[in-house]
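Structure first, commentary second.
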Amino acid sequence: MNDTKQQWFKDAKYGLFIHWGLYALLAGEYKGQKTDRIAEWIMNYLNIPVEEYRKLAADFNPVDFNADEIVRKAKEDWGMKYLVFTSKHHEGFAMYNSPCNDYNVVKATPYGKDILKQFRDACTKYDMKFGFYYSQAQDWDDPDGFMHTRDNSGKNFQRYLDEKCKPQLRELLTNYGEISLIWFDTPMGISIEQTQELIDLVKGIQPNCILNGRTGNHMGDYMTTGDNFIPRLPYEGDWEVPATVNDTWGFNKFDNNWKNPDDIIRMLLKISSRGGNYLLNIGPDALGNVPQGCVDVLDEVGRYVNDNSEAIFGTKRVGLYPYELEWAQFTQKDYKLYVHILQPRLRVELLNVANNVKEVYLVKDHSPLPYMVGKVCEGDSVIEVELPKELHEKKNYAICVEMEEKEPIFEDLKG
Ligand code: JFZ
């Protein structure tokens, strides 16, 4: 079972992923050719030569970028608890001041300022846990990085590890204060020994820094699902779903396929209910602006999260309730079962829940709700909660069933 041994991660539930790099300048299109895939892969998909791609750095000047405002929104408006920023994606360009490699935002761009440092400082200010993404295996800029050329044979991957990857990780772990998490990715070709070298390096500098499931050879501290894939069942241990609001990580000016806030709320609750964390991505544009369509969705989700934070953060995995409920998701804490109501209803019937109830209240303001506990004709337990008139037309709110027992008691279905 995956155990990060970090309570903050178990409690966090909802974090902000930020994909930002030179690809934001292309925004899904190069010399009139569009990419129909994730926009941060444009260099690879459209076969842009290294020397051509490198020229983008001269145009990187995100004058609108405001780390403080992004992190303030993430913490206060969106209700997120941690942030993971791409320090170096597959393109090989460092979004921080890297002493060992000049292909970075401070040395190679007219902007000249350290982006990672600005996020770090804002996270300290707003009490957000801070981590970074680092592409440890793929590096399309370094001749020995994976996928620099599609044919990976004949590369001296160890040289790339020793001369770029490890020195950069040391810089990142030494110069930016507490790093709570490193998000490695696409560990293609990396051996068990090489993975161990990276783990030893990280833990040697910051022992409490946790590593995601793509560190390599299943040697990370927690399980990372496929992007946007939610486990069907409750899953034990620590895990996380990385996810997008549209269909790309890096900014793509053609992609406005923003998910519906209701769907994001449902996914957050499914993930919390099954015991995981939701790491939801934004991709700022080349000027540093977060697309408005994306902000609108996160604002709306944030209203739910902030009104019902008690029923989300610090909750634990819920066992398997025997019925599919389109209108609800459960979360739980000791002695509390939270029912998140996602469609308008007149009352809440919880069939085959056998707990003794102490009180039922509306999470948003703790106002008590009338309830009945009993059995249906066949003997199955039922809890019925009456909802006040003003809620009858509403969706997206949570109620709490306070139980005498620590855990909900779900009865099996009987023939
Ligand atoms: C990777 C990256 O290639 C991508 O650019 C982005 O950073 C994303 C978060 O991670 O893409 C993956 C990696 C693994 C899976 C899917 C996409 N997977 O295991 O399903």
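Simple scheme: letters A, B, ... for chains in structure tokens order, numbers from 1 for residues in each chain, numbers from 1 for ligands in the order shown.
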List all protein, DNA and RNA residues that have at least one atom no more than 7 Å from any atom of ligand 1, counting only C-alpha atoms and all ligand atoms, and write them as a compact mmCIF listing (two decimals) with all heavy atoms, in the first residue's frame.
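Result file selection06.txt:
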# COMPACT_ATOMS: atom_id res chain seq x y z
N ILE A 38 -2.03 17.32 -26.99
CA ILE A 38 -1.67 18.21 -25.88
C ILE A 38 -0.58 19.19 -26.32
O ILE A 38 0.44 18.82 -26.88
CB ILE A 38 -1.28 17.41 -24.62
CG1 ILE A 38 -0.35 16.24 -24.94
CG2 ILE A 38 -2.53 16.93 -23.91
CD1 ILE A 38 0.00 15.37 -23.72
N GLU A 40 1.73 21.10 -25.02
CA GLU A 40 3.13 21.14 -24.57
C GLU A 40 3.99 20.13 -25.32
O GLU A 40 5.22 20.17 -25.23
CB GLU A 40 3.21 20.92 -23.04
CG GLU A 40 2.88 19.53 -22.53
CD GLU A 40 1.39 19.23 -22.47
OE1 GLU A 40 0.57 20.06 -22.90
OE2 GLU A 40 1.04 18.12 -22.02
N TRP A 41 3.36 19.29 -26.13
CA TRP A 41 4.09 18.31 -26.95
C TRP A 41 4.35 18.81 -28.37
O TRP A 41 4.81 18.07 -29.23
CB TRP A 41 3.30 16.99 -26.99
CG TRP A 41 3.61 16.06 -25.86
CD1 TRP A 41 3.20 16.18 -24.57
CD2 TRP A 41 4.38 14.86 -25.92
NE1 TRP A 41 3.67 15.12 -23.82
CE2 TRP A 41 4.39 14.30 -24.62
CE3 TRP A 41 5.06 14.19 -26.96
CZ2 TRP A 41 5.07 13.10 -24.32
CZ3 TRP A 41 5.73 12.99 -26.65
CH2 TRP A 41 5.72 12.47 -25.35
N ASP A 185 7.78 12.44 -14.26
CA ASP A 185 6.83 12.08 -15.33
C ASP A 185 7.50 11.23 -16.40
O ASP A 185 8.71 11.31 -16.60
CB ASP A 185 6.29 13.38 -15.95
CG ASP A 185 4.98 13.18 -16.69
OD1 ASP A 185 4.40 12.09 -16.60
OD2 ASP A 185 4.54 14.13 -17.35
N THR A 186 6.70 10.49 -17.09
CA THR A 186 7.10 9.64 -18.23
C THR A 186 8.50 9.02 -18.05
O THR A 186 9.42 9.35 -18.78
CB THR A 186 7.05 10.42 -19.57
OG1 THR A 186 7.94 11.53 -19.53
CG2 THR A 186 5.64 10.90 -19.87
N THR A 225 -2.61 8.07 -11.08
CA THR A 225 -3.43 7.41 -12.11
C THR A 225 -3.05 7.97 -13.48
O THR A 225 -2.30 8.94 -13.58
CB THR A 225 -4.93 7.69 -11.89
OG1 THR A 225 -5.18 9.08 -12.17
CG2 THR A 225 -5.38 7.35 -10.49
N GLY A 226 -3.59 7.36 -14.52
CA GLY A 226 -3.49 7.95 -15.84
C GLY A 226 -4.16 9.32 -15.82
O GLY A 226 -5.05 9.57 -15.00
N ASP A 227 -3.74 10.21 -16.70
CA ASP A 227 -4.28 11.56 -16.71
C ASP A 227 -5.79 11.52 -16.94
O ASP A 227 -6.24 10.92 -17.91
CB ASP A 227 -3.61 12.39 -17.82
CG ASP A 227 -2.10 12.45 -17.65
OD1 ASP A 227 -1.59 11.90 -16.66
OD2 ASP A 227 -1.44 13.06 -18.51
N PRO A 242 -4.07 13.33 -11.84
CA PRO A 242 -3.75 14.58 -12.53
C PRO A 242 -4.79 14.81 -13.60
O PRO A 242 -5.15 13.87 -14.33
CB PRO A 242 -2.37 14.30 -13.15
CG PRO A 242 -2.32 12.81 -13.33
CD PRO A 242 -3.27 12.18 -12.33
N TRP A 249 -2.64 20.40 -21.42
CA TRP A 249 -1.99 20.89 -20.18
C TRP A 249 -1.40 22.27 -20.46
O TRP A 249 -1.73 23.24 -19.80
CB TRP A 249 -0.91 19.89 -19.74
CG TRP A 249 -1.47 18.52 -19.54
CD1 TRP A 249 -1.63 17.55 -20.51
CD2 TRP A 249 -2.00 17.95 -18.34
NE1 TRP A 249 -2.22 16.43 -19.97
CE2 TRP A 249 -2.44 16.64 -18.64
CE3 TRP A 249 -2.14 18.41 -17.03
CZ2 TRP A 249 -3.02 15.80 -17.68
CZ3 TRP A 249 -2.69 17.57 -16.07
CH2 TRP A 249 -3.13 16.29 -16.40
Query - Neighbour list for region 270-274 of chain A as a PyMOL selection string, cut-off 7 Å, only C-alpha atoms, skip fewer than 3 positions in-chain - result: chain A and resi 13+230+233-235+266-267+277-278+312+317-318+329-331
Output N, CA, C and O atoms for every residue in that selection, as a compact mmCIF listing (two decimals), in the first residue's frame.
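What landed in again.txt:
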# COMPACT_ATOMS: atom_id res chain seq x y z
N LYS A 13 -6.51 16.72 -0.75
CA LYS A 13 -7.63 16.45 -1.67
C LYS A 13 -7.65 17.22 -2.99
O LYS A 13 -8.10 16.70 -4.01
N ILE A 230 -10.13 8.18 -13.28
CA ILE A 230 -10.51 8.02 -11.88
C ILE A 230 -10.74 6.54 -11.59
O ILE A 230 -11.49 5.88 -12.31
N LEU A 233 -13.30 2.11 -8.09
CA LEU A 233 -13.60 1.70 -6.71
C LEU A 233 -12.75 2.48 -5.72
O LEU A 233 -11.73 3.05 -6.09
N PRO A 234 -13.17 2.48 -4.44
CA PRO A 234 -12.29 3.03 -3.40
C PRO A 234 -10.93 2.36 -3.52
O PRO A 234 -10.85 1.16 -3.75
N TYR A 235 -9.85 3.14 -3.41
CA TYR A 235 -8.51 2.59 -3.58
C TYR A 235 -7.69 2.95 -2.34
O TYR A 235 -7.63 4.10 -1.94
N ARG A 266 -18.26 16.85 -9.30
CA ARG A 266 -18.53 15.41 -9.17
C ARG A 266 -17.24 14.61 -9.16
O ARG A 266 -17.07 13.67 -8.37
N MET A 267 -16.30 14.99 -10.03
CA MET A 267 -15.02 14.26 -10.07
C MET A 267 -14.23 14.45 -8.79
O MET A 267 -13.66 13.50 -8.25
N ASN A 277 -6.47 12.29 -4.22
CA ASN A 277 -6.36 13.74 -4.42
C ASN A 277 -6.57 14.07 -5.89
O ASN A 277 -6.24 13.27 -6.78
N TYR A 278 -7.05 15.28 -6.12
CA TYR A 278 -7.35 15.75 -7.48
C TYR A 278 -6.39 16.89 -7.77
O TYR A 278 -6.43 17.93 -7.09
N ILE A 312 -14.90 17.99 2.68
CA ILE A 312 -13.94 17.58 1.65
C ILE A 312 -12.56 17.34 2.27
O ILE A 312 -12.01 16.23 2.20
N ARG A 317 -11.28 7.75 2.83
CA ARG A 317 -11.91 6.87 1.85
C ARG A 317 -13.18 6.24 2.41
O ARG A 317 -13.21 5.78 3.55
N VAL A 318 -14.24 6.21 1.62
CA VAL A 318 -15.52 5.62 2.04
C VAL A 318 -15.62 4.21 1.47
O VAL A 318 -15.22 3.97 0.33
N GLN A 329 -22.80 11.91 -3.74
CA GLN A 329 -21.51 11.30 -3.46
C GLN A 329 -21.30 11.37 -1.95
O GLN A 329 -21.73 12.33 -1.31
N PHE A 330 -20.62 10.36 -1.41
CA PHE A 330 -20.33 10.35 0.03
C PHE A 330 -18.87 10.72 0.30
O PHE A 330 -17.99 10.35 -0.47
N THR A 331 -18.65 11.42 1.40
CA THR A 331 -17.30 11.50 1.98
C THR A 331 -17.48 11.22 3.48
O THR A 331 -18.61 11.25 3.98
Report task. For region 93-102 of chain A, list every protein, DNA or RNA residue within 9 Å, evaluated using only C-alpha atoms, and leave out those in the same chain fewer than 3 positions away; present the list as a ChimeraX atom specification. Result -> /A:20-22,54,57,86-90,105-108,112-117,139,141,163-164,167-168,171-172
Requested in this report: Skip Leu413 (chain A) itself and residues of its chain fewer than 2 positions away, then list as a list of chain:residue names all residues within 9 Å of it, counting only C-alpha atoms.
Outcome: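 The residues that qualify are A:Pro322, A:Tyr323, A:Asn352, A:Asp380, A:Glu411, A:Gly415.
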